[in-house]
file model_36.txt (compact mmCIF, C-alpha atoms)
# COMPACT_ATOMS: atom_id res chain seq x y z
CA MET A 1 95.76 -9.35 -12.59
CA THR A 2 92.95 -11.68 -13.49
CA ALA A 3 90.05 -10.56 -15.67
CA ARG A 4 87.77 -10.51 -12.64
CA GLN A 5 90.15 -8.34 -10.64
CA GLN A 6 90.36 -5.99 -13.60
CA ARG A 7 86.58 -5.68 -13.65
CA MET A 8 86.54 -5.09 -9.91
CA PHE A 9 89.13 -2.35 -10.39
CA PHE A 10 86.98 -0.84 -13.13
CA VAL A 11 83.91 -0.71 -10.87
CA VAL A 12 85.89 0.98 -8.07
CA LEU A 13 87.39 3.42 -10.56
CA VAL A 14 83.98 4.37 -11.98
CA ILE A 15 82.53 5.08 -8.54
CA ALA A 16 85.61 6.99 -7.35
CA GLY A 17 85.78 9.01 -10.56
CA VAL A 18 82.14 10.00 -10.50
CA ALA A 19 82.33 10.83 -6.78
CA VAL A 20 85.28 13.19 -7.33
CA ALA A 21 83.57 14.79 -10.35
CA ALA A 22 80.37 15.26 -8.35
CA ALA A 23 82.28 16.77 -5.42
CA PHE A 24 83.99 19.33 -7.66
CA GLY A 25 80.78 20.06 -9.53
CA LEU A 26 78.83 20.65 -6.33
CA ARG A 27 81.59 22.87 -4.93
CA ALA A 28 81.46 24.98 -8.07
CA PHE A 29 77.69 25.36 -7.82
CA GLN A 30 77.69 25.85 -4.04
CA GLU A 31 76.23 29.34 -4.44
CA ASN A 32 73.29 28.18 -6.54
CA LEU A 33 72.56 25.21 -4.30
CA LEU A 34 71.99 27.47 -1.33
CA TYR A 35 68.24 27.62 -1.30
CA PHE A 36 68.18 30.79 0.79
CA TYR A 37 70.43 33.43 2.31
CA SER A 38 70.43 34.30 6.00
CA THR A 39 69.71 37.73 7.47
CA SER A 40 73.38 38.04 8.49
CA GLN A 41 74.40 37.58 4.87
CA VAL A 42 72.12 40.49 3.98
CA HIS A 43 73.85 42.67 6.59
CA ALA A 44 77.28 41.58 5.40
CA GLY A 45 76.36 42.49 1.82
CA ASP A 46 76.84 38.93 0.54
CA VAL A 47 73.54 38.95 -1.33
CA PRO A 48 72.87 39.92 -4.95
CA LEU A 49 71.34 43.40 -5.16
CA ASP A 50 70.56 43.37 -8.87
CA ARG A 51 68.25 40.35 -8.81
CA LYS A 52 65.75 38.60 -6.58
CA PHE A 53 66.90 36.06 -4.03
CA ARG A 54 65.50 34.02 -1.16
CA LEU A 55 65.83 35.08 2.43
CA GLY A 56 65.36 32.57 5.24
CA GLY A 57 64.86 33.23 8.94
CA ILE A 58 62.59 33.05 11.93
CA VAL A 59 59.66 35.44 12.28
CA VAL A 60 60.36 37.62 15.33
CA ASP A 61 57.74 37.30 18.07
CA GLY A 62 55.32 40.24 18.05
CA SER A 63 56.64 41.69 14.80
CA VAL A 64 53.76 40.71 12.49
CA GLU A 65 51.62 43.70 11.45
CA ARG A 66 48.72 43.38 9.05
CA GLU A 67 47.59 46.40 7.07
CA ALA A 68 43.85 46.84 7.51
CA GLY A 69 41.76 46.16 4.42
CA SER A 70 44.53 44.53 2.40
CA LEU A 71 46.63 41.37 2.26
CA THR A 72 49.82 43.28 3.02
CA VAL A 73 51.80 41.96 5.95
CA ARG A 74 54.95 43.32 7.55
CA PHE A 75 57.20 41.31 9.82
CA VAL A 76 60.82 41.01 10.89
CA LEU A 77 63.04 38.02 10.13
CA THR A 78 66.00 37.01 12.25
CA ASP A 79 68.70 34.37 12.42
CA THR A 80 69.10 35.27 16.15
CA GLN A 81 72.09 37.52 15.29
CA THR A 82 70.66 40.10 12.92
CA THR A 83 67.22 41.15 11.66
CA VAL A 84 65.71 42.19 8.33
CA PRO A 85 62.24 43.76 7.91
CA VAL A 86 60.02 42.11 5.29
CA GLU A 87 56.89 43.23 3.46
CA TYR A 88 54.63 40.82 1.61
CA THR A 89 51.26 41.06 -0.11
CA GLY A 90 49.42 37.77 -0.62
CA ILE A 91 48.21 34.61 1.05
CA LEU A 92 50.46 33.14 3.72
CA PRO A 93 50.97 29.36 4.13
CA ASP A 94 49.30 27.45 7.01
CA LEU A 95 52.48 27.14 9.00
CA PHE A 96 53.23 30.89 8.97
CA ARG A 97 53.28 32.25 12.51
CA GLU A 98 55.55 34.13 14.88
CA GLY A 99 58.55 32.05 15.89
CA GLN A 100 58.27 29.97 12.69
CA GLY A 101 61.07 29.56 10.18
CA ILE A 102 60.10 30.89 6.75
CA VAL A 103 61.68 31.53 3.36
CA ALA A 104 60.75 34.69 1.44
CA HIS A 105 61.54 35.42 -2.21
CA GLY A 106 62.11 39.00 -3.32
CA ARG A 107 64.65 41.81 -3.18
CA VAL A 108 65.95 44.47 -0.80
CA ASN A 109 64.78 48.00 -1.67
CA ASP A 110 66.73 51.20 -1.06
CA ASP A 111 65.36 51.58 2.49
CA GLY A 112 66.67 48.15 3.52
CA LEU A 113 63.15 46.65 3.42
CA PHE A 114 62.90 43.20 1.89
CA VAL A 115 59.93 43.23 -0.49
CA ALA A 116 58.75 39.63 -0.98
CA ASP A 117 56.61 38.23 -3.78
CA GLU A 118 56.44 34.73 -2.28
CA VAL A 119 56.55 33.45 1.30
CA LEU A 120 57.07 29.74 2.09
CA ALA A 121 56.96 28.22 5.55
CA LYS A 122 59.84 25.99 6.53
CA HIS A 123 58.82 23.09 8.69
CA ASP A 124 61.23 21.75 11.30
CA GLU A 125 61.91 18.10 12.07
CA ASN A 126 59.94 18.05 15.33
CA TYR A 127 56.64 16.23 15.58
CA MET A 128 54.58 16.23 18.78
CA PRO A 129 50.98 16.33 19.94
CA PRO A 130 49.55 19.74 21.03
CA GLU A 131 49.61 18.84 24.74
CA VAL A 132 53.35 18.18 24.64
CA ALA A 133 53.98 21.41 22.75
CA ASP A 134 51.96 23.30 25.38
CA SER A 135 53.84 21.74 28.27
CA ILE A 136 57.18 22.57 26.66
CA LYS A 137 56.06 26.17 26.22
CA GLN A 138 54.79 26.22 29.80
CA ALA A 139 58.09 24.88 31.10
CA HIS A 140 59.93 27.50 29.04
CA TYR A 141 57.86 30.36 30.50
CA GLU A 142 58.28 28.91 33.99
CA GLY A 143 62.03 28.83 33.47
CA VAL A 144 62.09 32.41 32.21
CA ARG A 145 59.91 33.59 35.12
CA ARG A 146 62.08 31.81 37.66
CA SER A 147 65.31 33.21 36.29
CA LYS A 148 63.75 36.69 36.31
CA GLU A 149 62.66 36.21 39.92
CA GLN A 150 66.14 35.07 40.81
CA GLN A 151 67.64 38.11 39.14
CA ALA A 152 65.17 40.32 40.97
CA ALA A 153 66.00 38.65 44.30
CA GLN A 154 69.71 39.09 43.73
CA GLY A 155 69.11 42.70 42.69
CA GLY A 156 67.20 43.24 45.94
CA ASP A 157 70.16 42.05 48.05
CA HIS A 158 72.39 44.83 46.84
CA MET B 1 80.86 -19.52 2.02
CA TRP B 2 81.73 -19.63 -1.68
CA LYS B 3 79.58 -22.71 -2.16
CA TRP B 4 76.62 -20.71 -0.91
CA PHE B 5 77.51 -17.85 -3.24
CA HIS B 6 77.71 -20.14 -6.27
CA GLN B 7 74.50 -21.90 -5.33
CA LEU B 8 72.78 -18.52 -5.16
CA ALA B 9 73.90 -17.86 -8.71
CA SER B 10 72.11 -20.93 -10.01
CA PRO B 11 68.69 -19.95 -11.43
CA PRO B 12 66.75 -23.12 -10.45
CA HIS B 13 68.11 -22.90 -6.91
CA TYR B 14 67.15 -19.23 -6.68
CA TYR B 15 63.69 -19.98 -8.08
CA ARG B 16 62.96 -22.57 -5.39
CA MET B 17 64.56 -20.63 -2.54
CA ALA B 18 62.75 -17.36 -3.32
CA GLY B 19 59.48 -19.27 -3.68
CA ALA B 20 59.95 -20.59 -0.15
CA ILE B 21 60.89 -17.19 1.32
CA ILE B 22 58.07 -15.12 -0.21
CA PRO B 23 55.24 -16.18 2.14
CA TRP B 24 57.50 -15.36 5.12
CA THR B 25 57.97 -11.77 3.96
CA GLY B 26 54.66 -11.16 2.18
CA TRP B 27 52.21 -11.93 4.98
CA PRO B 28 54.15 -10.08 7.71
CA ALA B 29 54.40 -7.13 5.31
CA LEU B 30 50.62 -7.01 4.91
CA LEU B 31 50.07 -7.36 8.66
CA LEU B 32 52.60 -4.67 9.56
CA ILE B 33 51.23 -2.21 7.00
CA ILE B 34 47.70 -2.69 8.40
CA ILE B 35 48.94 -2.20 11.99
CA GLY B 36 51.02 0.79 10.95
CA ALA B 37 48.11 2.35 9.05
CA VAL B 38 45.73 1.99 12.01
CA GLY B 39 48.40 3.30 14.38
CA GLY B 40 49.35 6.20 12.14
CA LEU B 41 45.95 7.28 10.85
CA TYR B 42 43.84 6.57 13.91
CA LEU B 43 45.81 6.08 17.14
CA ALA B 44 48.56 8.67 16.77
CA PRO B 45 47.71 12.16 18.08
CA PRO B 46 47.55 15.10 15.66
CA ASP B 47 50.64 17.30 15.40
CA TYR B 48 50.78 20.57 17.39
CA GLN B 49 51.34 22.64 14.24
CA GLN B 50 50.23 20.60 11.26
CA GLY B 51 47.17 18.92 12.76
CA ASP B 52 46.19 15.80 10.85
CA ALA B 53 48.16 16.73 7.74
CA PHE B 54 51.35 15.34 9.26
CA ARG B 55 49.99 11.79 8.88
CA ILE B 56 51.29 11.71 5.33
CA ILE B 57 54.74 10.94 6.80
CA TYR B 58 53.55 7.37 7.37
CA VAL B 59 53.69 6.89 3.60
CA HIS B 60 56.18 9.57 2.63
CA VAL B 61 59.12 8.66 4.86
CA PRO B 62 59.10 4.86 4.22
CA SER B 63 58.75 5.55 0.48
CA ALA B 64 61.68 7.95 0.51
CA TRP B 65 63.74 5.40 2.45
CA LEU B 66 62.91 2.65 -0.06
CA SER B 67 63.71 4.91 -3.00
CA MET B 68 67.29 5.17 -1.74
CA PHE B 69 67.55 1.64 -0.32
CA GLY B 70 66.31 0.27 -3.66
CA TYR B 71 68.94 2.20 -5.55
CA VAL B 72 71.77 0.92 -3.35
CA VAL B 73 70.49 -2.66 -3.76
CA MET B 74 70.25 -2.17 -7.53
CA ALA B 75 73.77 -0.70 -7.78
CA THR B 76 75.24 -3.45 -5.58
CA ALA B 77 73.57 -6.14 -7.69
CA ALA B 78 74.79 -4.41 -10.85
CA ALA B 79 78.37 -4.35 -9.52
CA ILE B 80 78.21 -8.05 -8.63
CA GLY B 81 76.84 -8.77 -12.09
CA LEU B 82 79.66 -6.82 -13.72
CA ILE B 83 82.50 -8.27 -11.65
CA TRP B 84 81.43 -11.92 -11.37
CA ARG B 85 79.48 -12.04 -14.66
CA MET B 86 76.53 -13.35 -12.70
CA LYS B 87 73.30 -13.36 -14.68
CA LEU B 88 71.14 -13.60 -11.60
CA ALA B 89 72.63 -10.37 -10.21
CA HIS B 90 71.49 -8.48 -13.33
CA VAL B 91 68.09 -10.08 -12.93
CA ALA B 92 67.98 -8.79 -9.35
CA ALA B 93 68.93 -5.26 -10.44
CA ASN B 94 66.23 -5.40 -13.10
CA ALA B 95 63.67 -6.59 -10.58
CA VAL B 96 64.40 -3.73 -8.19
CA ALA B 97 64.50 -0.86 -10.74
CA PRO B 98 60.77 -0.31 -11.43
CA LEU B 99 59.98 -0.86 -7.74
CA GLY B 100 62.51 1.74 -6.66
CA ALA B 101 61.19 4.11 -9.31
CA SER B 102 57.63 3.64 -8.01
CA PHE B 103 58.61 4.45 -4.44
CA THR B 104 60.60 7.48 -5.63
CA ALA B 105 57.53 8.72 -7.49
CA LEU B 106 55.38 8.05 -4.41
CA ALA B 107 57.80 9.96 -2.16
CA LEU B 108 57.79 12.91 -4.57
CA ALA B 109 54.00 12.89 -4.94
CA THR B 110 53.22 12.63 -1.21
CA GLY B 111 55.82 15.29 -0.45
CA SER B 112 54.26 17.58 -3.01
CA ILE B 113 50.75 17.09 -1.62
CA TRP B 114 52.02 17.89 1.87
CA GLY B 115 54.10 20.84 0.65
CA ARG B 116 51.15 22.67 -0.90
CA PRO B 117 49.34 23.51 2.37
CA MET B 118 52.38 23.44 4.69
CA TRP B 119 55.10 25.23 2.76
CA GLY B 120 52.74 27.05 0.44
CA THR B 121 54.06 25.47 -2.76
CA TRP B 122 53.86 22.18 -4.67
CA TRP B 123 57.47 22.20 -5.69
CA VAL B 124 60.71 24.06 -5.01
CA TRP B 125 64.09 23.49 -6.62
CA ASP B 126 65.96 22.97 -3.38
CA ALA B 127 68.77 20.44 -3.07
CA ARG B 128 66.69 17.67 -1.45
CA LEU B 129 63.80 17.74 -3.92
CA THR B 130 66.03 18.15 -6.95
CA SER B 131 68.36 15.28 -6.03
CA GLU B 132 65.35 13.01 -5.37
CA LEU B 133 63.97 13.91 -8.81
CA ILE B 134 67.36 13.04 -10.35
CA LEU B 135 67.07 9.65 -8.61
CA LEU B 136 63.77 9.05 -10.40
CA PHE B 137 65.41 9.83 -13.75
CA LEU B 138 68.33 7.53 -12.92
CA TYR B 139 65.85 4.69 -12.42
CA PHE B 140 64.15 5.56 -15.72
CA GLY B 141 67.52 5.72 -17.46
CA TYR B 142 68.51 2.33 -16.07
CA MET B 143 65.27 0.71 -17.28
CA ALA B 144 65.48 2.30 -20.72
CA LEU B 145 69.15 1.46 -21.24
CA ASN B 146 68.64 -2.15 -20.14
CA ARG B 147 66.14 -2.69 -22.93
CA ALA B 148 67.90 -0.60 -25.56
CA PHE B 149 70.10 -3.43 -26.87
CA GLU B 150 69.32 -6.35 -29.11
CA ASP B 151 71.72 -8.47 -27.06
CA ARG B 152 70.54 -8.87 -23.50
CA LYS B 153 74.07 -9.20 -22.09
CA GLN B 154 75.07 -5.87 -23.60
CA GLY B 155 72.01 -4.21 -22.12
CA ASP B 156 72.75 -5.70 -18.71
CA ARG B 157 76.31 -4.41 -18.77
CA ALA B 158 75.50 -0.93 -20.06
CA SER B 159 72.72 -0.36 -17.54
CA ALA B 160 74.89 -1.75 -14.72
CA VAL B 161 77.49 0.95 -15.42
CA LEU B 162 74.76 3.59 -15.31
CA ALA B 163 73.54 2.20 -11.97
CA LEU B 164 77.08 2.50 -10.59
CA VAL B 165 77.53 6.05 -11.86
CA GLY B 166 74.25 7.10 -10.25
CA VAL B 167 75.07 5.70 -6.83
CA VAL B 168 76.90 8.93 -5.87
CA ASN B 169 73.50 10.62 -5.86
CA VAL B 170 72.32 8.58 -2.85
CA PRO B 171 74.59 10.21 -0.22
CA ILE B 172 73.88 13.57 -1.87
CA ILE B 173 70.13 13.06 -1.28
CA HIS B 174 70.70 11.93 2.27
CA TYR B 175 73.03 14.76 3.31
CA SER B 176 71.46 17.50 1.14
CA VAL B 177 69.49 18.84 4.12
CA GLU B 178 72.70 19.15 6.17
CA TRP B 179 75.08 20.42 3.52
CA TRP B 180 72.87 23.19 2.17
CA ASN B 181 70.06 25.46 3.30
CA THR B 182 67.01 23.63 1.97
CA LEU B 183 63.30 24.18 2.37
CA HIS B 184 62.96 20.50 3.24
CA GLN B 185 63.42 19.82 6.94
CA PRO B 186 66.32 17.70 8.24
CA ALA B 187 65.85 14.08 9.29
CA THR B 188 63.56 13.40 12.23
CA ILE B 189 64.87 9.91 12.90
CA THR B 190 68.62 9.45 12.89
CA LYS B 191 70.69 6.46 13.87
CA PHE B 192 72.42 8.43 16.55
CA GLY B 193 70.59 10.55 19.02
CA LYS B 194 67.00 10.78 20.12
CA PRO B 195 64.36 11.08 17.39
CA SER B 196 62.55 14.43 17.46
CA ILE B 197 59.11 12.84 17.43
CA THR B 198 57.01 11.58 20.33
CA VAL B 199 56.68 7.85 20.92
CA ASP B 200 52.94 7.76 20.08
CA MET B 201 53.75 9.07 16.62
CA LEU B 202 57.01 7.18 16.23
CA TRP B 203 55.96 3.56 16.66
CA PRO B 204 53.50 3.46 13.73
CA LEU B 205 56.22 5.01 11.58
CA LEU B 206 58.71 2.29 12.53
CA VAL B 207 56.08 -0.40 11.90
CA MET B 208 55.40 1.16 8.50
CA PHE B 209 59.14 1.22 7.77
CA LEU B 210 59.39 -2.49 8.40
CA GLY B 211 56.14 -3.30 6.58
CA PHE B 212 57.09 -1.28 3.49
CA THR B 213 60.57 -2.83 3.42
CA LEU B 214 59.19 -6.38 3.65
CA PHE B 215 56.68 -5.55 0.91
CA PHE B 216 59.54 -4.26 -1.23
CA ILE B 217 61.56 -7.45 -0.66
CA THR B 218 58.55 -9.65 -1.44
CA VAL B 219 57.77 -7.94 -4.73
CA ALA B 220 61.45 -7.80 -5.72
CA LEU B 221 61.88 -11.55 -5.09
CA GLN B 222 58.75 -12.34 -7.06
CA ARG B 223 59.76 -10.11 -9.95
CA ALA B 224 63.21 -11.70 -10.05
CA ARG B 225 61.56 -15.16 -10.12
CA ALA B 226 59.40 -14.17 -13.06
CA GLU B 227 62.35 -12.76 -14.98
CA THR B 228 64.42 -15.88 -14.22
CA LEU B 229 61.70 -18.04 -15.78
CA GLU B 230 61.48 -15.76 -18.78
CA ARG B 231 65.24 -15.75 -19.38
CA GLU B 232 65.61 -19.49 -18.84
CA ARG B 233 62.50 -20.47 -20.76
CA ARG B 234 64.50 -22.70 -23.09
CA SER B 235 66.33 -24.60 -20.36
CA ALA B 236 65.36 -28.09 -19.22
CA TRP B 237 64.47 -27.20 -15.61
CA VAL B 238 61.89 -24.60 -16.64
CA LYS B 239 60.25 -27.00 -19.08
CA GLU B 240 59.90 -29.50 -16.25
CA LEU B 241 57.93 -27.03 -14.10

call {"tool": "encode", "arguments": {"input": "model_36.txt", "output": "structure tokens"}}
result
Amino acid sequence: MTARQQRMFFVVLVIAGVAVAAAFGLRAFQENLLYFYSTSQVHAGDVPLDRKFRLGGIVVDGSVEREAGSLTVRFVLTDTQTTVPVEYTGILPDLFREGQGIVAHGRVNDDGLFVADEVLAKHDENYMPPEVADSIKQAHYEGVRRSKEQQAAQGGDH
Amino acid sequence: MWKWFHQLASPPHYYRMAGAIIPWTGWPALLLIIIGAVGGLYLAPPDYQQGDAFRIIYVHVPSAWLSMFGYVVMATAAAIGLIWRMKLAHVAANAVAPLGASFTALALATGSIWGRPMWGTWWVWDARLTSELILLFLYFGYMALNRAFEDRKQGDRASAVLALVGVVNVPIIHYSVEWWNTLHQPATITKFGKPSITVDMLWPLLVMFLGFTLFFITVALQRARAETLERERRSAWVKEL
């Protein structure tokens, strides 16, 4: 082996060694790297009960209730499989709205209510002008209406 | 092919060649950044959710791309320098380091400014943000280590090893949004599949990508030229200039 080949071998070895070490390290810390838990994990009991954690999910349409005269807000989070009710007192970020993905920090109380002390909005990777967003929504409602009509028509046949 | 490789390693040849290339990357970079800025800040429509605040992506995304691209270039140059004992490769790695660090800092700063109104926080310790911050410290570590030795060759070699060790962080940054639940959103533009952004918003971003990258190349070439002169200041060809 020439000196140059030895050095080449050394470079490959360094990269491979560090990559393996990083892979094992990240596996070991997998739990801590999860920025938030899902609502299904709350139902399955996979979340820490003795300390605060983050809960991520989508705000269920029509679930947001504001308490009059205070900053307290109640809403329901879902991952489309399960739901968890959340209560939060404070200022919500700009992107907070129904149907939006958010991350709340807090803990589950004895009644199964998630009491949050911080709410962050999670933005998705989609960017579009308002007109396009409207037309997509419109098309979605059209589709829902049509499928309902179809169901109704089929129901009428029987 | 090898002749070309050896020629590239010769400092006077590099000095002349880079001097000839720079105008061909510098001026297009300026032009593209102006076009991209007009397209992004003026022509593109506002976002349906974020309004005008989304326009920060025209700086944030190209910066983030260059922060990782710069690191890969630096690590590759460092490896070439280690294996072939090529001085010019270490010069190239040195030229790229502060540039990459600047774009990493810019990506972190613009992301933070956007995060405050949109997410509701300046900073979170999620996998994407944390790994990008580690990248910044890797750049700092490289620059510090390179200058920590009396003997320049020793500094070059030590910092090159650090650059190689840090290269594992680059795929971690890239895939962090897929491997873990992060607050940071996944990639909008991917090599495969349709980008999840409308064309009116996309084209200025692509122009900015190209403009930023050409700017990066221009400054890197110029910095490497300056360092070549400095390192070779005692040689005959520099004295002739």

call {"tool": "interface_residues", "arguments": {"input": "model_36.txt", "of": "chain A", "to": "chain B", "cutoff": "8 Å", "atoms": "all atoms listed in the file", "output": "MDAnalysis selection string"}}
result
chainID A and resid 4:5 7:8 11 14:15 18:19 22 33:36 92:95 103 119:131 133

call {"tool": "atom_distance", "arguments": {"input": "model_36.txt", "atom1": "atom CA of A:Gly90", "atom2": "atom CA of A:Val47"}}
result
24.2 Å

call {"tool": "atom_distance", "arguments": {"input": "model_36.txt", "atom1": "atom CA of B:Leu41", "atom2": "atom CA of B:Ile217"}}
result
24.4 Å

call {"tool": "residues_around", "arguments": {"input": "model_36.txt", "residues": "A:Asp61", "least_positions_apart": "6", "cutoff": "9 Å", "atoms": "only C-alpha atoms", "output": "list of chain:residue names"}}
result
A:Val76, A:Arg97, A:Glu98, A:Gly99

call {"tool": "write_last_selection", "arguments": {"input": "model_36.txt", "atoms": "C-alpha atoms", "output": "PDB file, keeping the file's coordinate frame"}}
result
ATOM      1  CA  VAL A  76      60.820  41.010  10.890  1.00  0.00           C
ATOM      2  CA  ARG A  97      53.280  32.250  12.510  1.00  0.00           C
ATOM      3  CA  GLU A  98      55.550  34.130  14.880  1.00  0.00           C
ATOM      4  CA  GLY A  99      58.550  32.050  15.890  1.00  0.00           C
TER       5      GLY A  99
END

call {"tool": "closest_residue", "arguments": {"input": "model_36.txt", "among": "A:Ile102, A:Val64, A:Leu71, A:Val42", "to": "A:Thr83", "atoms": "only C-alpha atoms"}}
result
A:Val42

call {"tool": "residues_around", "arguments": {"input": "model_36.txt", "residues": "A:Ser38", "least_positions_apart": "2", "cutoff": "7 Å", "atoms": "only C-alpha atoms", "output": "ChimeraX atom specification"}}
result
/A:36,40-42,55-57,79

call {"tool": "atom_distance", "arguments": {"input": "model_36.txt", "atom1": "atom CA of A:Tyr37", "atom2": "atom CA of B:Leu135"}}
result
26.4 Å

call {"tool": "residues_around", "arguments": {"input": "model_36.txt", "residues": "stretch 145-153 of chain B", "least_positions_apart": "6", "cutoff": "12 Å", "atoms": "only C-alpha atoms", "output": "ChimeraX atom specification"}}
result
/B:78,81-82,85-88,90-91,93-95,97-98,137-139,159-163,231

call {"tool": "axis_aligned_box", "arguments": {"input": "model_36.txt", "around": "stretch 177-187 of chain B", "padding_each_side": "6 Å", "output": "lines of an AutoDock Vina configuration file"}}
result
center_x = 69.0
center_y = 19.8
center_z = 5.6
size_x = 24.1
size_y = 23.4
size_z = 19.3

call {"tool": "closest_residue", "arguments": {"input": "model_36.txt", "among": "A:Ala116, A:Ala23, A:Ala44, A:Leu77", "to": "A:Ile91", "atoms": "all atoms listed in the file"}}
result
A:Ala116

call {"tool": "closest_residue", "arguments": {"input": "model_36.txt", "among": "A:Gln81, A:Thr2, A:Gln30, A:Thr39", "to": "A:Gly112", "atoms": "all atoms listed in the file"}}
result
A:Thr39
